[in-house]
Each structure stands twice: as C-alpha cells, then as structure tokens.
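Shown next: target.pdb, containing PDB, C-alpha atoms.
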```pdb
ATOM      1  CA  MET A   7     101.164 121.011  72.381
ATOM      2  CA  ASN A   8      99.124 119.453  69.606
ATOM      3  CA  TYR A   9      96.507 117.740  71.769
ATOM      4  CA  LEU A  10      94.398 116.452  68.893
ATOM      5  CA  ALA A  11      97.270 114.730  67.103
ATOM      6  CA  HIS A  12      98.547 113.111  70.288
ATOM      7  CA  ALA A  13      95.055 111.891  71.137
ATOM      8  CA  TYR A  14      94.497 110.543  67.628
ATOM      9  CA  LEU A  15      97.898 108.842  67.522
ATOM     10  CA  SER A  16      96.996 106.892  70.662
ATOM     11  CA  PHE A  17      94.887 104.651  68.381
ATOM     12  CA  HIS A  18      91.911 104.331  70.770
ATOM     13  CA  ASN A  19      93.944 102.784  73.609
ATOM     14  CA  PRO A  20      92.767 104.523  76.827
ATOM     15  CA  ASP A  21      95.983 103.922  78.829
ATOM     16  CA  ILE A  22      98.187 105.067  75.957
ATOM     17  CA  LEU A  23      95.890 108.069  75.439
ATOM     18  CA  THR A  24      96.235 109.102  79.066
ATOM     19  CA  GLY A  25     100.020 108.912  79.000
ATOM     20  CA  ASN A  26     100.189 110.626  75.625
ATOM     21  CA  MET A  27      98.042 113.533  76.807
ATOM     22  CA  ILE A  28      99.738 114.116  80.173
ATOM     23  CA  SER A  29     103.347 113.667  79.027
ATOM     24  CA  ASP A  30     104.239 117.374  79.008
ATOM     25  CA  PHE A  31     103.029 117.637  82.609
ATOM     26  CA  VAL A  32     105.140 114.729  83.898
ATOM     27  CA  LYS A  33     108.750 115.660  84.593
ATOM     28  CA  GLY A  34     111.748 113.423  85.149
ATOM     29  CA  LYS A  35     111.300 110.400  87.393
ATOM     30  CA  LYS A  36     107.648 111.279  88.028
ATOM     31  CA  GLN A  37     106.801 109.101  85.024
ATOM     32  CA  TYR A  38     107.598 106.046  87.155
ATOM     33  CA  ASP A  39     104.679 106.906  89.437
ATOM     34  CA  TYR A  40     102.300 105.723  86.709
ATOM     35  CA  PRO A  41     101.149 102.245  85.650
ATOM     36  CA  LEU A  42     103.181 100.591  82.894
ATOM     37  CA  LEU A  43     100.838 101.261  79.964
ATOM     38  CA  ILE A  44     100.456 104.929  80.893
ATOM     39  CA  ARG A  45     104.258 105.177  81.040
ATOM     40  CA  LYS A  46     104.349 103.749  77.531
ATOM     41  CA  GLY A  47     101.919 106.465  76.450
ATOM     42  CA  ILE A  48     104.245 109.074  77.953
ATOM     43  CA  ARG A  49     107.143 107.582  75.998
ATOM     44  CA  LEU A  50     105.087 107.466  72.797
ATOM     45  CA  HIS A  51     104.320 111.168  73.166
ATOM     46  CA  ARG A  52     108.020 111.974  73.436
ATOM     47  CA  GLU A  53     108.903 109.820  70.438
ATOM     48  CA  ILE A  54     106.221 111.591  68.391
ATOM     49  CA  ASP A  55     107.523 114.995  69.495
ATOM     50  CA  GLY A  56     111.067 114.099  68.452
ATOM     51  CA  PHE A  57     109.911 112.823  65.061
ATOM     52  CA  THR A  58     107.785 115.935  64.532
ATOM     53  CA  ASP A  59     110.619 118.317  65.403
ATOM     54  CA  ARG A  60     112.977 116.606  62.936
ATOM     55  CA  HIS A  61     110.533 116.296  60.035
ATOM     56  CA  PRO A  62     111.359 118.494  56.997
ATOM     57  CA  ALA A  63     107.756 119.744  56.789
ATOM     58  CA  THR A  64     107.908 121.002  60.375
ATOM     59  CA  LEU A  65     111.295 122.646  59.843
ATOM     60  CA  ALA A  66     109.957 124.408  56.749
ATOM     61  CA  GLY A  67     106.692 125.511  58.372
ATOM     62  CA  LYS A  68     108.436 126.906  61.439
ATOM     63  CA  GLN A  69     110.321 129.389  59.236
ATOM     64  CA  PHE A  70     107.129 131.415  58.767
ATOM     65  CA  PHE A  71     106.819 131.971  62.522
ATOM     66  CA  LYS A  72     110.447 132.106  63.705
ATOM     67  CA  PRO A  73     111.074 135.809  62.982
ATOM     68  CA  LEU A  74     108.144 136.686  65.256
ATOM     69  CA  VAL A  75     108.292 134.051  68.009
ATOM     70  CA  GLY A  76     111.745 132.476  67.800
ATOM     71  CA  LEU A  77     112.045 129.140  69.590
ATOM     72  CA  TYR A  78     108.267 129.002  70.154
ATOM     73  CA  ALA A  79     107.701 128.481  66.404
ATOM     74  CA  GLY A  80     107.439 124.741  67.002
ATOM     75  CA  ALA A  81     104.641 125.151  69.555
ATOM     76  CA  PHE A  82     102.638 127.229  67.089
ATOM     77  CA  MET A  83     103.354 124.726  64.312
ATOM     78  CA  ASP A  84     101.861 122.008  66.518
ATOM     79  CA  VAL A  85      98.596 123.972  66.620
ATOM     80  CA  VAL A  86      98.717 124.373  62.837
ATOM     81  CA  TYR A  87      98.965 120.605  62.465
ATOM     82  CA  ASP A  88      95.969 120.096  64.749
ATOM     83  CA  HIS A  89      93.922 122.474  62.617
ATOM     84  CA  PHE A  90      94.572 120.602  59.398
ATOM     85  CA  LEU A  91      94.155 117.216  61.095
ATOM     86  CA  SER A  92      90.728 118.261  62.386
ATOM     87  CA  LEU A  93      89.691 118.967  58.778
ATOM     88  CA  ASP A  94      91.260 115.818  57.335
ATOM     89  CA  GLU A  95      88.344 113.763  56.035
ATOM     90  CA  GLN A  96      90.717 111.027  54.897
ATOM     91  CA  GLU A  97      91.061 110.303  58.616
ATOM     92  CA  LEU A  98      87.563 111.123  59.944
ATOM     93  CA  THR A  99      84.502 113.043  58.763
ATOM     94  CA  GLY A 100      83.410 116.192  60.587
ATOM     95  CA  GLU A 101      80.912 114.186  62.627
ATOM     96  CA  GLY A 102      83.593 111.575  63.224
ATOM     97  CA  TRP A 103      85.928 114.182  64.726
ATOM     98  CA  LYS A 104      83.130 115.381  66.991
ATOM     99  CA  LEU A 105      82.530 111.831  68.245
ATOM    100  CA  PHE A 106      86.265 111.249  68.621
ATOM    101  CA  ALA A 107      86.656 114.364  70.778
ATOM    102  CA  ALA A 108      83.814 113.206  73.044
ATOM    103  CA  GLU A 109      85.455 109.770  73.341
ATOM    104  CA  VAL A 110      88.756 111.358  74.418
ATOM    105  CA  TYR A 111      87.153 113.507  77.118
ATOM    106  CA  GLU A 112      85.185 110.545  78.449
ATOM    107  CA  GLN A 113      88.240 108.297  78.609
ATOM    108  CA  LEU A 114      90.400 110.937  80.301
ATOM    109  CA  ALA A 115      87.668 111.586  82.876
ATOM    110  CA  GLN A 116      87.825 107.901  83.842
ATOM    111  CA  TYR A 117      91.512 108.388  84.717
ATOM    112  CA  GLN A 118      90.877 111.562  86.731
ATOM    113  CA  SER A 119      92.606 110.264  89.875
ATOM    114  CA  LEU A 120      95.845 109.659  87.930
ATOM    115  CA  LEU A 121      96.039 112.970  86.086
ATOM    116  CA  PRO A 122      98.736 115.498  87.067
ATOM    117  CA  GLU A 123      97.230 118.408  88.968
ATOM    118  CA  HIS A 124      97.724 121.001  86.240
ATOM    119  CA  PHE A 125      96.259 118.765  83.530
ATOM    120  CA  ALA A 126      93.364 117.776  85.793
ATOM    121  CA  ARG A 127      92.535 121.468  86.283
ATOM    122  CA  MET A 128      92.728 122.085  82.547
ATOM    123  CA  LEU A 129      90.610 119.101  81.438
ATOM    124  CA  PRO A 130      87.200 120.628  82.321
ATOM    125  CA  TYR A 131      88.052 123.656  80.153
ATOM    126  CA  MET A 132      89.297 121.414  77.334
ATOM    127  CA  SER A 133      86.119 119.335  77.346
ATOM    128  CA  GLY A 134      83.691 122.161  78.196
ATOM    129  CA  GLU A 135      84.986 124.336  75.363
ATOM    130  CA  ASN A 136      85.593 121.274  73.145
ATOM    131  CA  TRP A 137      89.117 122.256  72.181
ATOM    132  CA  LEU A 138      89.763 119.101  70.175
ATOM    133  CA  TYR A 139      86.823 119.675  67.848
ATOM    134  CA  HIS A 140      87.167 123.444  67.644
ATOM    135  CA  TYR A 141      90.651 123.258  66.129
ATOM    136  CA  ARG A 142      88.787 122.941  62.808
ATOM    137  CA  PHE A 143      87.537 126.546  63.017
ATOM    138  CA  THR A 144      89.754 129.555  62.410
ATOM    139  CA  TRP A 145      88.399 131.216  65.565
ATOM    140  CA  GLY A 146      89.417 128.104  67.502
ATOM    141  CA  ILE A 147      92.940 128.305  66.107
ATOM    142  CA  GLU A 148      93.134 132.020  66.884
ATOM    143  CA  LYS A 149      92.189 131.250  70.476
ATOM    144  CA  SER A 150      94.777 128.462  70.624
ATOM    145  CA  PHE A 151      97.499 130.773  69.333
ATOM    146  CA  GLN A 152      96.572 133.287  72.017
ATOM    147  CA  GLY A 153      96.820 130.530  74.620
ATOM    148  CA  VAL A 154     100.308 129.510  73.440
ATOM    149  CA  ALA A 155     101.459 133.138  73.549
ATOM    150  CA  LYS A 156      99.996 133.616  77.029
ATOM    151  CA  ARG A 157     101.794 130.546  78.408
ATOM    152  CA  ALA A 158     105.106 131.393  76.707
ATOM    153  CA  ARG A 159     107.615 132.929  79.060
ATOM    154  CA  TYR A 160     109.174 135.379  76.614
ATOM    155  CA  LEU A 161     106.237 136.405  74.416
ATOM    156  CA  ASP A 162     103.634 139.108  74.889
ATOM    157  CA  ASP A 163      99.954 138.568  74.145
ATOM    158  CA  ALA A 164     100.259 140.319  70.782
ATOM    159  CA  ALA A 165     102.405 137.463  69.483
ATOM    160  CA  GLY A 166      99.342 135.219  69.198
ATOM    161  CA  ALA A 167      97.601 137.727  66.940
ATOM    162  CA  GLY A 168     100.750 138.085  64.850
ATOM    163  CA  VAL A 169     101.068 134.340  64.375
ATOM    164  CA  PHE A 170      97.390 134.143  63.423
ATOM    165  CA  GLU A 171      98.007 136.707  60.657
ATOM    166  CA  LEU A 172     100.971 134.683  59.386
ATOM    167  CA  PHE A 173      98.899 131.492  59.564
ATOM    168  CA  ASN A 174      96.223 133.040  57.340
ATOM    169  CA  LEU A 175      98.803 134.530  54.968
ATOM    170  CA  HIS A 176     100.591 131.208  54.439
ATOM    171  CA  TYR A 177      97.571 128.927  54.862
ATOM    172  CA  ALA A 178      97.888 127.059  51.550
ATOM    173  CA  VAL A 179     101.596 126.309  52.006
ATOM    174  CA  LEU A 180     101.090 125.248  55.624
ATOM    175  CA  LYS A 181      98.410 122.834  54.407
ATOM    176  CA  GLN A 182     100.966 121.347  52.009
ATOM    177  CA  HIS A 183     103.381 120.893  54.903
ATOM    178  CA  TYR A 184     100.666 119.095  56.884
ATOM    179  CA  ASP A 185      99.966 116.825  53.901
ATOM    180  CA  ALA A 186     103.664 115.959  53.655
ATOM    181  CA  PHE A 187     103.903 115.309  57.397
ATOM    182  CA  PHE A 188     100.868 113.508  58.711
ATOM    183  CA  SER A 189     101.029 110.184  56.884
ATOM    184  CA  ASP A 190     104.670 109.915  57.974
ATOM    185  CA  VAL A 191     103.991 110.618  61.641
ATOM    186  CA  LYS A 192     101.012 108.255  61.674
ATOM    187  CA  LYS A 193     103.134 105.375  60.348
ATOM    188  CA  PHE A 194     105.898 106.250  62.819
ATOM    189  CA  ALA A 195     103.535 106.410  65.794
ATOM    190  CA  ARG A 196     101.866 103.112  64.911
ATOM    191  CA  LEU A 197     105.257 101.396  64.673
ATOM    192  CA  GLN A 198     106.493 102.955  67.916
ATOM    193  CA  LEU A 199     103.332 101.912  69.738
ATOM    194  CA  THR A 200     103.700  98.332  68.482
ATOM    195  CA  LEU A 201     107.312  98.275  69.714
ATOM    196  CA  LEU A 202     106.357  99.744  73.101
ATOM    197  CA  LEU A 203     103.498  97.304  73.622
ATOM    198  CA  ASN A 204     105.782  94.378  72.828
ATOM    199  CA  GLN A 205     108.448  95.438  75.351
TER     200      GLN A 205
END
```

In structure tokens, how does this file's structure come out?
Amino acid sequence: MNYLAHAYLSFHNPDILTGNMISDFVKGKKQYDYPLLIRKGIRLHREIDGFTDRHPATLAGKQFFKPLVGLYAGAFMDVVYDHFLSLDEQELTGEGWKLFAAEVYEQLAQYQSLLPEHFARMLPYMSGENWLYHYRFTWGIEKSFQGVAKRARYLDDAAGAGVFELFNLHYAVLKQHYDAFFSDVKKFARLQLTLLLNQ
C-alpha cells in the first residue's frame, strides 16, 4: 500500500486520514464499527485505489514488474509512486515532507484506541523508522520492496531484490509515469472527498 500518497490525499483532515490509512485492515462490515468521518476516509481510500489501478500510467508501469511478480505488480507500483511523491517539491520541500510525516504519526497516535489491531502494532515501527519520509531514499524503497515481498503469499524474499533492480533500471520512465499520474489522482481525490463530506 502506498501509505504516503494515502496520507497526503487526506488533505490534513485527521478523521479522513485515519480511515484512509486503516482501510486495508478493515474488512467487510467492520467499516460500520467506525465513526462516520473515519468511514468516509475508508471509502476515499478505496476510491483512490480504484482510480490508481485503472490509470494508464499505472497500467504501463506495472508491465516492468509483472514478469517477475505477476499480480503483485500493482503493490510494488504503489511503492514507486510513494518514492516519487516524497521527492516532489511541487507538493512539499524536503523539510516539508519531514514535517508532514511527523504530523501524520501524531494524528494517528491520537486515534490509537480506534486503530485495527494489526495497524496499531505496525504504527510504532512506521513512526519509529519514519517510513513516510524515508520513501525518498533508495535504501528506503529497497526496504519497502522487501517488505511487500515478505508479506506476499506467493513470492519469495528474492522478489523484492529483483523488483529493486527493475526499479533502478527503469527509474526515468517510472518517474514519467508518476508525473502523468499524480496530478490526476490528486484532483480525483479532492473531488471525491468533497462529495463524501457533503453526503
């Protein structure tokens, strides 16, 4: 999951942020256990995921990874997007991204009692190792790829290293795909959030 993009596309709304970040850990009717605004964040996350999966830039970028990781290409592409977002100074400066990451961890900690168990266990590692900021470094991306491979049911640990090689090999083209994608998803997410908040 691209944690940084989902956090950023919550537009500094703490309830939406919480729902957006926990969405993958909330299955089926469990979403109705949460307050209304957090449920809207969960829905926003799923709308963003659908838009991302359908976008031509994502479909093109996934082709670099599909021969190696098959259906998991999308999960690795999400990490690629987070890398380029974390370097995108049209959105925030380097110091701005560092402050943004700290803001996210602080806001999520305030919702600790509402977090799904698995996410609650993961949050101290996310904040302690500063995942959101470290996406900007190639070593951070390598570690993220390894994490995706480790969690994937049908991949061995070597897949993460293989994807990292492909990421470096196709870096310039993947950056072009990010450039084609992010302004579109940002507009989409802002519109979807406006619609959700007005429901």

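Going from atom CA of A:Arg157 to atom CA of A:Gln118 covers 23.4 Å.
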
TODO: Please write the residues picked by the PyMOL selection byres ((chain A and resi 183) around 8) on this file as a list in words.
DONE: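 This file gives the following for the PyMOL selection byres ((chain A and resi 183) around 8): Ala63, Thr64, Ala66, Gly67, Val179, Leu180, Lys181, Gln182, Tyr184, Asp185, Ala186 and Phe187 of chain A.
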
Task: Atomic separation - atom CA of A:Arg142 relative to atom CA of A:His89, Å - done: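 Taking atom CA of A:His89 and atom CA of A:Arg142, their separation equals 5.2 Å.
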
List as a short mmCIF file (atom, residue, chain, number, x, y, z; two decimals) with C-alpha atoms, keeping the file's coordinate frame the protein and nucleic acid residues near A:Lys192, meaning an atom at most 10 Å away when only C-alpha atoms are counted, but skip any in the same chain fewer than 5 places from it.
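The file below, selection_3.cif, is the result:
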```
data_model
loop_
_atom_site.label_atom_id
_atom_site.label_comp_id
_atom_site.auth_asym_id
_atom_site.auth_seq_id
_atom_site.Cartn_x
_atom_site.Cartn_y
_atom_site.Cartn_z
CA ALA A 11 97.27 114.73 67.10
CA TYR A 14 94.50 110.54 67.63
CA LEU A 15 97.90 108.84 67.52
CA SER A 16 97.00 106.89 70.66
CA PHE A 17 94.89 104.65 68.38
CA ILE A 54 106.22 111.59 68.39
CA PHE A 187 103.90 115.31 57.40
CA LEU A 197 105.26 101.40 64.67
CA GLN A 198 106.49 102.96 67.92
#
```

Task: 10 Å contact set for A:Leu42, only C-alpha atoms, chain neighbours under 5 positions out, as number ranges by chain - done: A: 21-22, 25, 37, 47-48, 203

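Note that the spacing between atom CA of A:Val169 and atom CA of A:Phe71 amounts to 6.5 Å.
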
The PyMOL selection byres ((chain A and resi 82) around 9) on the file shown: which residues, as an mmCIF file with C-alpha atoms, keeping the file's coordinate frame?
```
data_model
loop_
_atom_site.group_PDB
_atom_site.id
_atom_site.type_symbol
_atom_site.label_atom_id
_atom_site.label_comp_id
_atom_site.auth_asym_id
_atom_site.auth_seq_id
_atom_site.Cartn_x
_atom_site.Cartn_y
_atom_site.Cartn_z
ATOM 1 C CA MET A 7 101.164 121.011 72.381
ATOM 2 C CA ASN A 8 99.124 119.453 69.606
ATOM 3 C CA LYS A 68 108.436 126.906 61.439
ATOM 4 C CA PHE A 71 106.819 131.971 62.522
ATOM 5 C CA VAL A 75 108.292 134.051 68.009
ATOM 6 C CA TYR A 78 108.267 129.002 70.154
ATOM 7 C CA ALA A 79 107.701 128.481 66.404
ATOM 8 C CA GLY A 80 107.439 124.741 67.002
ATOM 9 C CA ALA A 81 104.641 125.151 69.555
ATOM 10 C CA MET A 83 103.354 124.726 64.312
ATOM 11 C CA ASP A 84 101.861 122.008 66.518
ATOM 12 C CA VAL A 85 98.596 123.972 66.620
ATOM 13 C CA VAL A 86 98.717 124.373 62.837
ATOM 14 C CA TYR A 87 98.965 120.605 62.465
ATOM 15 C CA SER A 150 94.777 128.462 70.624
ATOM 16 C CA PHE A 151 97.499 130.773 69.333
ATOM 17 C CA VAL A 154 100.308 129.510 73.440
ATOM 18 C CA ALA A 155 101.459 133.138 73.549
ATOM 19 C CA GLY A 166 99.342 135.219 69.198
ATOM 20 C CA VAL A 169 101.068 134.340 64.375
#
```

TODO: Kindly indicate which residue among A:Lys36, A:His140, A:Lys104, A:His18 lies nearest to A:Pro122, using all atoms listed in the file for the distances.
DONE: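 Using all atoms listed in the file, the shortest distance to A:Pro122 belongs to A:Lys36.
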
Once you add 4 Å to each side, what are the centre and edge lengths of the axis-aligned box holding all listed atoms of stretch 179-183 of chain A? One decimal in Å, as AutoDock Vina command-line options, if you can.
```
--center_x 100.9 --center_y 123.6 --center_z 53.8 --size_x 13.0 --size_y 13.4 --size_z 11.6
```

Task: Residue among A:Ala115, A:Phe90, A:Glu148, A:Phe125 lying closest to A:Ala164, counting only C-alpha atoms - done: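 Result for the nearest residue to A:Ala164: A:Glu148.
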
TODO: Could you expand the PyMOL selection byres ((chain A and resi 49) around 12) into the explicit residues it covers here, written as a count of residues only?
DONE: 37

Task: Which of A:Asn19, A:Trp137, A:Asp39, A:Gly76 sits closest to A:Leu161 [using all atoms listed in the file] - done: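 Between A:Asn19, A:Trp137, A:Asp39, A:Gly76, the residue approaching A:Leu161 most closely is A:Gly76.
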
Open item on the list: Here is a test: counting all atoms listed in the file, which residue of A:Tyr160, A:Tyr111, A:Phe173, A:Phe188 is nearest to A:Pro62?
Closed with: A:Phe188

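For A:Leu172, the set of protein, DNA and RNA residues having any atom at most 8 Å away, when counting all atoms listed in the file and skipping those fewer than 4 positions along the same chain, is Phe70, Phe71, Gly168 and His176 of chain A.
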
For those residues, write C-alpha atoms to a file as an mmCIF file, keeping the file's coordinate frame.
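Saved as part-v6.cif:
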```cif
data_model
loop_
_atom_site.group_PDB
_atom_site.id
_atom_site.type_symbol
_atom_site.label_atom_id
_atom_site.label_comp_id
_atom_site.auth_asym_id
_atom_site.auth_seq_id
_atom_site.Cartn_x
_atom_site.Cartn_y
_atom_site.Cartn_z
ATOM 1 C CA PHE A 70 107.129 131.415 58.767
ATOM 2 C CA PHE A 71 106.819 131.971 62.522
ATOM 3 C CA GLY A 168 100.750 138.085 64.850
ATOM 4 C CA HIS A 176 100.591 131.208 54.439
#
```
